[in-house]
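Raw contents of structure_29.txt, compact mmCIF, C-alpha atoms:
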```
# COMPACT_ATOMS: atom_id res chain seq x y z
CA MET A 1 10.02 -26.88 24.78
CA ASP A 2 6.40 -27.99 24.43
CA LEU A 3 4.85 -29.79 21.46
CA SER A 4 3.14 -26.70 20.02
CA GLY A 5 6.47 -24.79 20.18
CA ILE A 6 8.26 -27.56 18.27
CA ALA A 7 5.43 -27.74 15.71
CA GLY A 8 5.49 -23.95 15.27
CA LEU A 9 9.23 -23.85 14.74
CA ILE A 10 9.06 -26.74 12.26
CA ILE A 11 6.31 -24.95 10.29
CA VAL A 12 8.40 -21.76 10.11
CA ILE A 13 11.54 -23.65 9.02
CA VAL A 14 9.65 -25.71 6.40
CA PHE A 15 7.89 -22.56 5.11
CA ALA A 16 11.23 -20.70 4.82
CA GLY A 17 12.93 -23.71 3.22
CA LEU A 18 10.17 -24.07 0.63
CA MET A 19 10.36 -20.35 -0.17
CA VAL A 20 14.10 -20.59 -0.85
CA PHE A 21 13.53 -23.79 -2.86
CA PHE A 22 10.89 -22.15 -5.06
CA VAL A 23 13.07 -19.08 -5.65
CA VAL A 24 15.72 -21.40 -7.13
CA TRP A 25 13.10 -23.57 -8.88
CA ASN A 26 11.36 -20.56 -10.47
CA ARG A 27 14.70 -19.36 -11.84
CA ARG A 28 15.31 -22.69 -13.57
CA PHE A 29 11.71 -23.30 -14.56
CA PRO A 30 9.90 -19.94 -14.76
CA PRO A 31 6.21 -20.24 -13.75
CA ARG A 32 3.66 -19.97 -16.54
CA GLY A 33 2.02 -16.94 -14.99
CA MET A 34 -0.30 -16.03 -12.20
CA ARG A 35 -4.08 -16.02 -12.02
CA PRO A 36 -5.24 -12.63 -13.31
CA ILE A 37 -6.61 -10.36 -10.57
CA GLN A 38 -8.60 -7.54 -12.10
CA ALA A 39 -8.06 -5.19 -9.15
CA ILE A 40 -4.28 -5.33 -9.45
CA HIS A 41 -4.44 -5.04 -13.23
CA ARG A 42 -6.49 -1.87 -12.78
CA LEU A 43 -4.06 -0.54 -10.14
CA ARG A 44 -1.15 -0.91 -12.56
CA ARG A 45 -3.18 0.93 -15.17
CA ALA A 46 -4.06 3.66 -12.65
CA ILE A 47 -0.36 4.13 -11.81
CA GLY A 48 0.40 4.59 -15.52
CA LEU A 49 -2.47 7.04 -15.98
CA ALA A 50 -1.40 9.05 -12.88
CA VAL A 51 2.12 9.36 -14.28
CA GLU A 52 0.73 10.49 -17.64
CA ASP A 53 -1.76 13.07 -16.38
CA GLY A 54 0.43 14.40 -13.58
CA SER A 55 -1.92 13.47 -10.76
CA ARG A 56 -0.87 11.93 -7.47
CA LEU A 57 -1.21 8.42 -6.01
CA HIS A 58 -2.19 7.92 -2.40
CA ILE A 59 -1.14 4.87 -0.41
CA SER A 60 -2.90 4.42 2.91
CA LEU A 61 -1.09 2.08 5.31
CA GLY A 62 -3.75 1.95 8.03
CA SER A 63 -3.15 2.37 11.71
CA ALA A 64 -1.56 -0.92 12.79
CA SER A 65 1.20 -0.59 15.32
CA LEU A 66 4.38 -2.41 14.34
CA ASN A 67 4.64 -4.26 17.63
CA THR A 68 1.24 -5.94 17.24
CA TYR A 69 0.27 -9.03 15.25
CA GLN A 70 -1.52 -6.87 12.66
CA SER A 71 1.81 -5.46 11.52
CA ALA A 72 2.13 -7.96 8.63
CA SER A 73 -0.46 -6.11 6.56
CA ALA A 74 1.26 -2.79 7.28
CA LEU A 75 4.64 -4.22 6.28
CA LEU A 76 3.05 -5.48 3.09
CA GLY A 77 1.63 -1.99 2.53
CA LEU A 78 5.18 -0.65 2.75
CA SER A 79 6.28 -3.13 0.12
CA VAL A 80 3.44 -1.94 -2.15
CA LEU A 81 4.42 1.69 -1.43
CA GLY A 82 7.99 0.94 -2.52
CA ARG A 83 6.84 -0.63 -5.78
CA ILE A 84 4.43 2.21 -6.54
CA ALA A 85 7.08 4.84 -5.75
CA GLU A 86 9.52 3.14 -8.12
CA ALA A 87 6.91 2.73 -10.85
CA SER A 88 5.83 6.38 -10.62
CA SER A 89 9.32 7.87 -10.24
CA ILE A 90 9.08 9.60 -13.62
CA SER A 91 5.97 11.47 -12.48
CA ASP A 92 6.07 15.17 -11.55
CA ARG A 93 3.92 14.43 -8.52
CA PRO A 94 5.36 11.65 -6.36
CA PRO A 95 2.96 9.49 -4.31
CA VAL A 96 1.88 10.36 -0.80
CA ALA A 97 1.62 7.77 2.00
CA THR A 98 -0.55 8.26 5.06
CA SER A 99 -0.50 6.17 8.22
CA GLY A 100 -1.92 6.18 11.73
CA ASP A 101 1.22 5.12 13.57
CA GLY A 102 4.48 6.96 14.16
CA ALA A 103 6.78 4.01 13.45
CA LEU A 104 4.85 3.19 10.30
CA ALA A 105 5.22 6.79 9.09
CA VAL A 106 8.98 6.70 9.71
CA LEU A 107 9.19 3.44 7.75
CA SER A 108 7.06 4.87 4.93
CA GLN A 109 9.53 7.80 4.62
CA ASP A 110 12.39 5.33 4.62
CA THR A 111 10.66 3.17 2.00
CA LEU A 112 10.11 6.20 -0.25
CA ARG A 113 13.74 7.25 0.19
CA SER A 114 14.97 3.73 -0.56
CA ALA A 115 12.72 3.43 -3.65
CA TYR A 116 13.93 6.75 -5.12
CA ASP A 117 17.53 5.87 -4.32
CA LYS A 118 17.06 2.60 -6.21
CA VAL A 119 15.94 4.40 -9.38
CA ASN A 120 18.49 7.25 -8.97
CA ALA A 121 15.81 9.85 -8.34
CA LEU A 122 16.64 10.86 -4.79
CA ASP A 123 15.71 14.48 -5.58
CA LEU A 124 12.06 13.35 -5.60
CA TYR A 125 12.24 12.39 -1.93
CA ASP A 126 10.26 14.62 0.39
CA PRO A 127 9.81 13.40 4.01
CA THR A 128 6.41 15.08 4.28
CA ARG A 129 5.10 12.63 1.63
CA GLY A 130 5.17 9.88 4.26
CA ARG A 131 3.01 11.30 6.99
CA VAL A 132 1.00 10.52 10.09
CA THR A 133 -2.49 11.98 9.86
CA GLY A 134 -3.72 10.91 13.30
CA LEU A 135 -2.82 8.46 16.02
CA THR A 136 -6.26 6.93 16.69
CA PRO A 137 -8.26 5.16 13.94
CA PHE A 138 -10.84 7.94 13.55
CA SER A 139 -8.35 10.80 13.87
CA TYR A 140 -6.24 9.03 11.25
CA VAL A 141 -9.18 8.97 8.84
CA ALA A 142 -10.17 12.56 9.69
CA GLY A 143 -6.62 13.65 8.89
CA ALA A 144 -6.38 11.55 5.73
CA LEU A 145 -9.66 12.79 4.18
CA PRO A 146 -8.29 16.23 3.17
CA VAL A 147 -5.48 14.49 1.26
CA PHE A 148 -8.05 13.44 -1.36
CA SER A 149 -9.10 17.01 -2.08
CA ASP A 150 -5.79 18.84 -1.52
CA GLU A 151 -3.37 16.61 -3.38
CA GLN A 152 -5.16 15.92 -6.71
CA ILE A 153 -5.33 12.19 -6.02
CA SER A 154 -6.32 10.04 -8.99
CA ALA A 155 -5.76 6.59 -7.46
CA ASN A 156 -5.62 5.12 -3.97
CA ALA A 157 -4.17 1.90 -2.66
CA LEU A 158 -5.48 1.25 0.84
CA VAL A 159 -3.34 -1.64 2.10
CA GLY A 160 -3.01 -2.32 5.82
CA ASN A 161 -4.99 -2.79 8.98
CA PHE A 162 -8.21 -0.79 9.16
CA GLY A 163 -11.38 -0.79 11.17
CA PRO A 164 -14.91 0.27 10.18
CA GLU A 165 -13.62 3.84 9.69
CA LEU A 166 -12.32 2.63 6.32
CA ALA A 167 -15.81 3.29 4.90
CA LEU A 168 -15.29 7.04 5.30
CA LEU A 169 -12.05 6.90 3.29
CA LEU A 170 -13.67 4.81 0.56
CA ASP A 171 -16.68 7.10 0.35
CA THR A 172 -14.48 10.18 -0.01
CA ALA A 173 -12.36 8.48 -2.67
CA ASP A 174 -15.52 7.57 -4.56
CA LYS A 175 -16.82 11.14 -4.39
CA ALA A 176 -13.46 12.42 -5.64
CA GLY A 177 -13.77 10.05 -8.61
CA ALA A 178 -10.47 8.37 -7.77
CA PHE A 179 -9.75 4.72 -8.44
CA THR A 180 -9.43 2.74 -5.20
CA LEU A 181 -7.92 -0.66 -4.53
CA ALA A 182 -8.49 -1.72 -0.93
CA ALA A 183 -7.19 -4.70 1.00
CA SER A 184 -7.00 -5.42 4.70
CA ASP A 185 -6.29 -8.28 7.08
CA SER A 186 -9.15 -7.21 9.35
CA LEU A 187 -12.44 -9.08 8.94
CA THR A 188 -14.51 -5.97 9.73
CA ALA A 189 -12.62 -3.97 7.13
CA GLN A 190 -13.00 -6.75 4.56
CA GLY A 191 -16.77 -6.68 4.94
CA ILE A 192 -16.77 -2.92 4.47
CA LEU A 193 -14.39 -2.84 1.55
CA PHE A 194 -16.42 -5.50 -0.26
CA ALA A 195 -19.40 -3.15 -0.12
CA ALA A 196 -17.69 0.19 -0.56
CA ALA A 197 -14.45 -0.27 -2.51
CA GLU A 198 -14.25 -0.03 -6.25
CA GLU A 199 -11.78 -2.92 -6.34
CA PRO A 200 -11.72 -4.98 -3.14
CA LEU A 201 -9.21 -7.72 -2.41
CA ILE A 202 -10.64 -10.30 -0.04
CA GLY A 203 -8.77 -12.68 2.28
CA GLU A 204 -5.23 -13.65 1.42
CA GLU A 205 -5.37 -11.76 -1.91
CA LEU A 206 -3.94 -8.91 0.16
CA PHE A 207 -0.67 -10.80 0.42
CA ALA A 208 -0.48 -11.30 -3.34
CA ILE A 209 -0.32 -7.61 -4.32
CA SER A 210 3.44 -7.20 -4.00
CA ALA A 211 4.11 -10.34 -6.08
CA TYR A 212 1.73 -9.09 -8.79
CA LEU A 213 3.47 -5.69 -8.78
CA GLY A 214 6.76 -7.48 -9.49
CA ALA A 215 8.39 -7.01 -6.09
CA GLY A 216 10.81 -9.89 -6.66
CA ALA A 217 11.44 -13.61 -6.77
CA PHE A 218 10.80 -14.16 -3.06
CA HIS A 219 7.33 -12.61 -3.31
CA THR A 220 6.38 -14.93 -6.19
CA ALA A 221 7.87 -17.94 -4.37
CA SER A 222 6.06 -17.12 -1.12
CA LEU A 223 2.79 -16.93 -3.03
CA ARG A 224 3.39 -20.45 -4.30
CA VAL A 225 4.27 -21.73 -0.82
CA GLN A 226 1.10 -20.11 0.57
CA ASP A 227 -0.93 -21.99 -2.05
CA TYR A 228 0.63 -25.34 -1.10
CA ALA A 229 0.25 -24.59 2.61
CA ARG A 230 -3.43 -23.79 2.04
CA TRP A 231 -3.98 -27.14 0.33
CA ALA A 232 -2.15 -28.88 3.20
CA LEU A 233 -4.41 -27.09 5.68
CA ILE A 234 -7.56 -28.03 3.76
CA ALA A 235 -6.41 -31.66 3.64
CA GLY A 236 -5.67 -31.56 7.38
CA LEU A 237 -9.08 -30.07 8.17
CA VAL A 238 -10.93 -32.63 6.03
CA LEU A 239 -8.89 -35.52 7.46
CA GLY A 240 -9.45 -34.25 10.99
CA SER A 241 -13.20 -33.98 10.38
CA ILE A 242 -13.35 -37.53 9.00
CA LEU A 243 -11.33 -38.92 11.93
CA LYS A 244 -13.60 -37.10 14.36
CA LEU A 245 -16.67 -38.43 12.55
CA VAL A 246 -15.52 -42.04 12.78
CA GLY A 247 -14.54 -41.56 16.42
CA VAL A 248 -10.73 -41.84 16.13
CA LEU A 249 -10.11 -38.31 17.47
CA MET B 250 22.54 -5.34 -0.73
CA ARG B 251 23.14 -1.60 -0.21
CA ALA B 252 23.18 -1.51 3.59
CA PRO B 253 24.39 -4.91 4.82
CA VAL B 254 24.87 -3.77 8.44
CA SER B 255 21.28 -2.63 8.96
CA ALA B 256 19.99 -5.74 7.16
CA ALA B 257 22.19 -8.00 9.33
CA ILE B 258 21.00 -6.30 12.54
CA ALA B 259 17.34 -6.54 11.48
CA ILE B 260 17.64 -10.22 10.51
CA GLY B 261 19.62 -11.08 13.67
CA VAL B 262 17.15 -9.36 15.99
CA GLY B 263 14.23 -10.97 14.14
CA LEU B 264 15.77 -14.43 14.55
CA VAL B 265 16.41 -13.91 18.28
CA ILE B 266 12.79 -12.79 18.82
CA LEU B 267 11.45 -15.74 16.84
CA LEU B 268 13.65 -18.35 18.54
CA GLY B 269 12.94 -16.81 21.95
CA TYR B 270 9.22 -17.27 21.26
CA PHE B 271 9.57 -20.99 20.52
CA ILE B 272 12.57 -22.09 22.62
CA PRO B 273 12.23 -21.56 26.39
CA VAL B 274 15.95 -21.05 27.16
CA PRO B 275 16.28 -18.42 29.95
CA THR B 276 19.19 -16.52 28.31
CA LEU B 277 17.35 -16.32 24.99
CA GLN B 278 14.12 -15.30 26.76
CA ASN B 279 15.95 -12.50 28.61
CA VAL B 280 17.53 -11.17 25.41
CA ARG B 281 14.15 -11.36 23.70
CA THR B 282 12.42 -9.45 26.53
CA THR B 283 15.12 -6.75 26.45
CA LEU B 284 14.83 -6.37 22.68
CA LEU B 285 11.03 -6.16 22.89
CA ASP B 286 11.33 -3.49 25.62
CA TRP B 287 13.61 -1.52 23.33
CA ALA B 288 11.06 -1.90 20.54
CA VAL B 289 8.34 -0.43 22.78
CA ILE B 290 10.59 2.55 23.63
CA LEU B 291 11.47 3.03 19.97
CA ALA B 292 7.78 2.89 19.02
CA ALA B 293 7.08 5.64 21.57
CA VAL B 294 9.90 7.77 20.14
CA ALA B 295 8.56 7.08 16.64
CA ALA B 296 5.14 8.33 17.76
CA TRP B 297 6.83 11.64 18.64
CA VAL B 298 8.60 11.70 15.28
CA GLY B 299 5.23 11.05 13.63
CA ALA B 300 3.60 13.88 15.57
CA ALA B 301 6.46 16.21 14.63
CA ASN B 302 6.00 15.20 11.00
CA LEU B 303 2.26 15.94 11.24
CA ILE B 304 2.97 19.40 12.64
CA LEU B 305 5.60 20.07 9.96
CA VAL B 306 3.05 19.28 7.25
CA HIS B 307 0.55 21.70 8.80
CA VAL B 308 3.19 24.41 9.36
CA SER B 309 4.14 24.24 5.68
CA ARG B 310 0.44 24.58 4.80
CA VAL B 311 0.09 27.68 6.93
CA ARG B 312 3.28 29.14 5.44
CA SER B 313 2.15 28.51 1.87
CA GLN B 314 -1.27 30.06 2.71
CA HIS B 315 -3.04 26.91 1.58
CA GLU B 316 -6.84 27.25 1.26
CA SER B 317 -7.31 25.11 4.38
CA ALA B 318 -4.53 26.88 6.32
CA ALA B 319 -7.02 27.93 9.01
CA PHE B 320 -7.70 24.27 9.86
CA SER B 321 -3.98 23.59 9.95
CA LEU B 322 -3.57 26.48 12.38
CA VAL B 323 -6.23 24.92 14.63
CA VAL B 324 -4.31 21.61 14.55
CA ILE B 325 -1.02 23.32 15.47
CA VAL B 326 -2.54 25.40 18.30
CA ALA B 327 -4.45 22.40 19.70
CA PHE B 328 -1.34 20.22 19.54
CA VAL B 329 0.92 22.77 21.26
CA LEU B 330 -1.70 23.46 23.95
CA THR B 331 -2.27 19.76 24.63
CA VAL B 332 1.47 19.07 24.87
CA LEU B 333 2.11 22.06 27.16
CA VAL B 334 -0.80 21.32 29.49
CA GLY B 335 0.04 17.59 29.43
CA VAL B 336 3.66 18.27 30.39
CA VAL B 337 2.66 20.64 33.22
CA LEU B 338 -0.23 18.61 34.65
CA THR B 339 1.00 15.13 33.51
CA PRO B 340 -1.24 12.86 31.38
CA ALA B 341 -2.50 11.10 34.54
CA ASN B 342 -4.18 14.29 35.78
CA ALA B 343 -7.95 13.69 36.00
CA GLN B 344 -8.92 17.21 34.83
CA PHE B 345 -6.54 17.02 31.86
CA GLN B 346 -7.96 13.62 30.88
CA HIS B 347 -11.51 14.96 31.27
CA VAL B 348 -10.85 17.92 28.94
CA VAL B 349 -9.11 15.79 26.30
CA THR B 350 -11.74 13.03 26.27
CA SER B 351 -14.59 15.59 26.32
CA ILE B 352 -13.29 16.97 23.04
CA GLN B 353 -12.08 13.76 21.42
CA MET B 354 -14.99 11.45 22.26
CA PRO B 355 -17.82 13.56 20.76
CA VAL B 356 -15.77 14.14 17.59
CA GLU B 357 -15.08 10.43 17.17
CA ALA B 358 -18.69 9.55 18.08
CA SER B 359 -19.98 11.90 15.38
CA LEU B 360 -17.66 10.26 12.85
CA MET B 361 -19.05 6.90 13.97
CA ALA B 362 -22.58 8.21 13.41
CA MET B 363 -21.63 9.32 9.91
CA LEU B 364 -20.26 5.85 9.34
CA ALA B 365 -23.71 4.29 9.76
CA PHE B 366 -25.11 6.41 6.90
CA THR B 367 -22.01 5.86 4.79
CA LEU B 368 -22.38 2.10 5.11
CA VAL B 369 -26.07 2.11 4.15
CA TYR B 370 -25.21 4.25 1.15
CA ALA B 371 -22.33 1.90 0.27
CA ALA B 372 -24.71 -1.08 0.34
CA VAL B 373 -27.07 0.68 -2.08
CA ARG B 374 -24.17 1.70 -4.32
CA LEU B 375 -22.84 -1.87 -4.31
CA LEU B 376 -25.89 -3.07 -6.20
CA ARG B 377 -25.40 -0.29 -8.74
CA ARG B 378 -21.67 -0.95 -9.13
CA ARG B 379 -21.55 -4.76 -9.09
CA ALA B 380 -25.02 -6.17 -9.51
CA ASN B 381 -24.00 -9.82 -9.37
CA LEU B 382 -24.97 -12.86 -7.31
CA LEU B 383 -22.22 -12.28 -4.73
CA SER B 384 -23.34 -8.69 -4.09
CA ILE B 385 -26.97 -9.75 -3.71
CA LEU B 386 -25.93 -12.52 -1.30
CA PHE B 387 -23.88 -10.00 0.67
CA ILE B 388 -26.81 -7.60 1.05
CA VAL B 389 -29.28 -10.38 1.91
CA ALA B 390 -26.87 -11.81 4.53
CA ALA B 391 -26.34 -8.34 6.03
CA VAL B 392 -30.11 -7.79 6.31
CA ILE B 393 -30.70 -11.26 7.81
CA PHE B 394 -28.06 -10.75 10.49
CA LEU B 395 -29.31 -7.26 11.26
CA ILE B 396 -32.77 -8.72 11.88
CA LEU B 397 -31.34 -11.63 13.92
CA ASP B 398 -29.24 -9.34 16.12
CA SER B 399 -31.99 -6.77 16.56
CA GLY B 400 -34.02 -9.16 18.73
CA LEU B 401 -37.22 -7.76 17.22
CA LEU B 402 -38.41 -11.08 15.84
CA PRO B 403 -38.85 -14.18 18.06
CA PHE B 404 -36.14 -16.28 16.41
CA GLU B 405 -35.06 -17.59 19.84
CA ASN B 406 -38.01 -19.98 19.56
CA VAL B 407 -36.27 -21.67 16.63
CA PRO B 408 -32.84 -22.41 18.22
CA VAL B 409 -31.71 -24.82 15.47
CA LEU B 410 -32.21 -22.16 12.79
CA VAL B 411 -30.48 -19.47 14.84
CA SER B 412 -27.47 -21.59 15.82
CA GLY B 413 -27.10 -22.80 12.23
CA LEU B 414 -27.16 -19.28 10.86
CA VAL B 415 -24.83 -17.89 13.51
CA ARG B 416 -22.23 -20.58 12.71
CA LEU B 417 -22.07 -19.61 9.03
CA PRO B 418 -20.06 -16.37 9.44
CA ILE B 419 -17.80 -18.06 12.01
CA ALA B 420 -16.93 -20.78 9.49
CA GLY B 421 -16.39 -18.21 6.75
CA SER B 422 -14.24 -15.96 8.89
CA ARG B 423 -12.08 -18.90 10.00
CA GLY B 424 -11.34 -19.68 6.36
CA ILE B 425 -10.34 -16.08 5.68
CA LEU B 426 -8.27 -15.88 8.88
CA LEU B 427 -6.35 -19.04 7.95
CA GLY B 428 -5.42 -17.44 4.61
CA VAL B 429 -4.44 -14.21 6.36
CA ALA B 430 -2.33 -16.16 8.86
CA LEU B 431 -0.45 -17.90 6.04
CA GLY B 432 0.11 -14.55 4.32
CA SER B 433 1.36 -12.99 7.57
CA LEU B 434 3.74 -15.92 8.07
CA ALA B 435 5.08 -15.50 4.52
CA THR B 436 5.56 -11.74 5.05
CA GLY B 437 7.41 -12.33 8.33
CA ILE B 438 9.69 -14.96 6.78
CA ARG B 439 10.49 -12.70 3.80
CA ILE B 440 11.63 -10.02 6.26
CA LEU B 441 13.61 -12.55 8.30
CA LEU B 442 15.35 -13.77 5.15
CA GLY B 443 16.12 -10.18 4.17
CA ALA B 444 14.13 -10.53 0.93
CA ASP B 445 11.75 -7.78 2.02
CA ARG B 446 13.36 -4.80 3.75
CA PRO B 447 10.97 -2.13 4.99
CA TYR B 448 14.00 -0.10 6.05
CA SER B 449 16.92 1.45 4.15
CA GLY B 450 18.78 -1.68 3.19
```

Could you quickly redo this structure as structure tokens?
Amino acid sequence: MDLSGIAGLIIVIVFAGLMVFFVVWNRRFPPRGMRPIQAIHRLRRAIGLAVEDGSRLHISLGSASLNTYQSASALLGLSVLGRIAEASSISDRPPVATSGDGALAVLSQDTLRSAYDKVNALDLYDPTRGRVTGLTPFSYVAGALPVFSDEQISANALVGNFGPELALLLDTADKAGAFTLAASDSLTAQGILFAAAEEPLIGEELFAISAYLGAGAFHTASLRVQDYARWALIAGLVLGSILKLVGVL
Amino acid sequence: MRAPVSAAIAIGVGLVILLGYFIPVPTLQNVRTTLLDWAVILAAVAAWVGAANLILVHVSRVRSQHESAAFSLVVIVAFVLTVLVGVVLTPANAQFQHVVTSIQMPVEASLMAMLAFTLVYAAVRLLRRRANLLSILFIVAAVIFLILDSGLLPFENVPVLVSGLVRLPIAGSRGILLGVALGSLATGIRILLGADRPYSG
């Protein structure tokens, strides 16, 4: 086992340990609250409005394959889908999820089923509401565009791995007058969503959505651990730079 | 926990994959490789399930005489034809590949061309939607890098300026990628701990 392997394993164990610790800690000493993020506040409002006016919510999970390193954003998108499905379970028009990968579509159907089962509304489950619209990035977008016009979409949450094709989705959503929250782990997509999305989430804000939507104690705890890990990284980078400057490294 | 068996399998497999990545024990590595091979096969099967789901959606549109049923019919016919020809000729057949790419490439290229206009329009709309310092900086930076990359102006004569400017987005993107990496790690650990279950569990 080489040094980087040991370091990697230690980081994972410490990260997991801290997450469990903060779950227990937050139960005993509830946190004062999280930094307000306008985009997520507006998404919650859009979910409420969609339920009230009987329009549909669209969750786009991108086209990341689950056996690639971009799968984390897609898995997070599934978590967001679950929360939105639960929150809108009293609506006449349940949300629709589109994805560009077969496995992701199967998981989106499973997530919808699980969410409705949780709120005792299994009759709302329709497997065609978790669908693949294309298996390449552009065919995915080409297949997802008609969803905006055909399904009376009033709000979109685009959470996952996207490429530059995201701009076409955002433009269509804008023309349809639908609210759009967009977040991606891809740098190209982040540049595009900053310019084209109504409410963009940049950088690691993507990984905060589920915690802000009340997905559970572990989500809030992991957010806290991410914050501490970021500070540790910053300190390490600064220290490393200083040591390099003085010639120690 | 409503489905402890599926959760236990998912967590167990996740742990084996993770430990196999860090600990170079041959037995663990072999189990890991086998599990990953299974994952690839399952992903291929899931692609078929996804395609079947896509066709089901379009069949229901045709049945309900949806206003865009004609487009759905085109999708169904094209899909069935591609599958049939692909099965008969095999996907490795040069003529089959030529026909498929001759249709797919121009369509995707035209979408890419549309993207260029969409992005210019998005940049203009950005200033209308959020006319703040960050948006102005974004537009100015985009224009500067477009000029730099175009090669139209002789910036190569000022190497210090060019190298300084080129390093800026690298530094920025590293910062974002570090945050994304931490978020990905947290998501993975939540799934490993069973706190996040993107499956019926």

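Using all atoms listed in the file, every residue with an atom at most 6 Å from the point (8.5, 9.8, 10.5) is listed here: Ala105 and Val106 of chain A; Val298, Gly299 and Asn302 of chain B.
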
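Shortest separation to A:Gly143 among B:Arg377, B:Arg423, B:Arg281, B:His307 occurs at residue B:His307, atoms counted being only C-alpha atoms.
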
Please, what distance in Å, to one decimal, runs between atom CA of A:Ala39 and atom CA of A:Leu124?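 Computed distance, atom CA of A:Ala39 to atom CA of A:Leu124, equals 27.6 Å.
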
Please identify every residue of chain A that has at least one atom no farther than 6 Å from an atom of chain B, counting only C-alpha atoms, and for each give the shortest atom pair and the distance in Å to one decimal, arranged by chain then increasing number, as CSV.
```
residue,atom,partner,partner_atom,distance
A:Met1,CA,B:Ile272,CA,5.8
A:Gly5,CA,B:Phe271,CA,4.9
A:Ala72,CA,B:Ser433,CA,5.2
A:Gly102,CA,B:Ala296,CA,3.9
A:Ala103,CA,B:Ala295,CA,4.8
A:Asp110,CA,B:Tyr448,CA,5.8
A:Ser114,CA,B:Ser449,CA,5.6
A:Val132,CA,B:Gly299,CA,5.5
A:Ala195,CA,B:Leu375,CA,5.6
A:Ala196,CA,B:Ala371,CA,5.0
A:Gly203,CA,B:Ile425,CA,5.1
A:Glu204,CA,B:Gly428,CA,5.0
A:Phe207,CA,B:Gly432,CA,5.5
A:Ser222,CA,B:Ala435,CA,5.9
```

Spatial neighbours of stretch 87-101 of chain A, 8 Å, all atoms listed in the file, chain gap at least 5 places, as an MDAnalysis selection string: (chainID A and resid 47:48 50:52 54:65 81 108 116 119 121 124 129:137 140 144) or (chainID B and resid 296 299)

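Atom pair atom CA of A:Phe179 / atom CA of A:Arg35 has a distance of 21.8 Å (rounded to one decimal).
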
Who sits within 10 Å of A:Pro146, all atoms listed in the file, same chain under 4 positions skipped, as a count of residues only: 7

Do you have the atom CA of A:Phe29-atom CA of A:Ala115 distance handy? 28.9 Å

Fewer than 2 positions away in the same chain doesn't count, so skip those; otherwise give me all residues within 7 Å of A:Tyr125, counting all atoms listed in the file, as number ranges by chain. A: 112-113, 116, 122-123, 127

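Comparing the minimum interatomic distances between A:Ala85 and each of A:Ile234, A:Met19, A:Leu104, A:Ala215, counting all atoms listed in the file, we find that A:Ala215 sits nearest.
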
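Considering the residues B:Leu284, B:Ile290, B:Leu330, B:Leu417 and counting all atoms listed in the file, B:Ile258 has its shortest atom-to-atom contact with B:Leu284.
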
With all atoms listed in the file as the basis for distance, which of B:Val308, B:Ser351, B:Val336, B:Val392 is at the shortest distance from B:Val324?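 Of the candidates, the smallest distance to B:Val324 is held by B:Val308.
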
Need the axis-aligned box for stretch 429-445 of chain B with 4 Å each side, so what are the centre and edges in Å to one decimal, as AutoDock Vina command-line options?
```
--center_x 5.8 --center_y -12.8 --center_z 4.9 --size_x 28.6 --size_y 18.1 --size_z 15.9
```
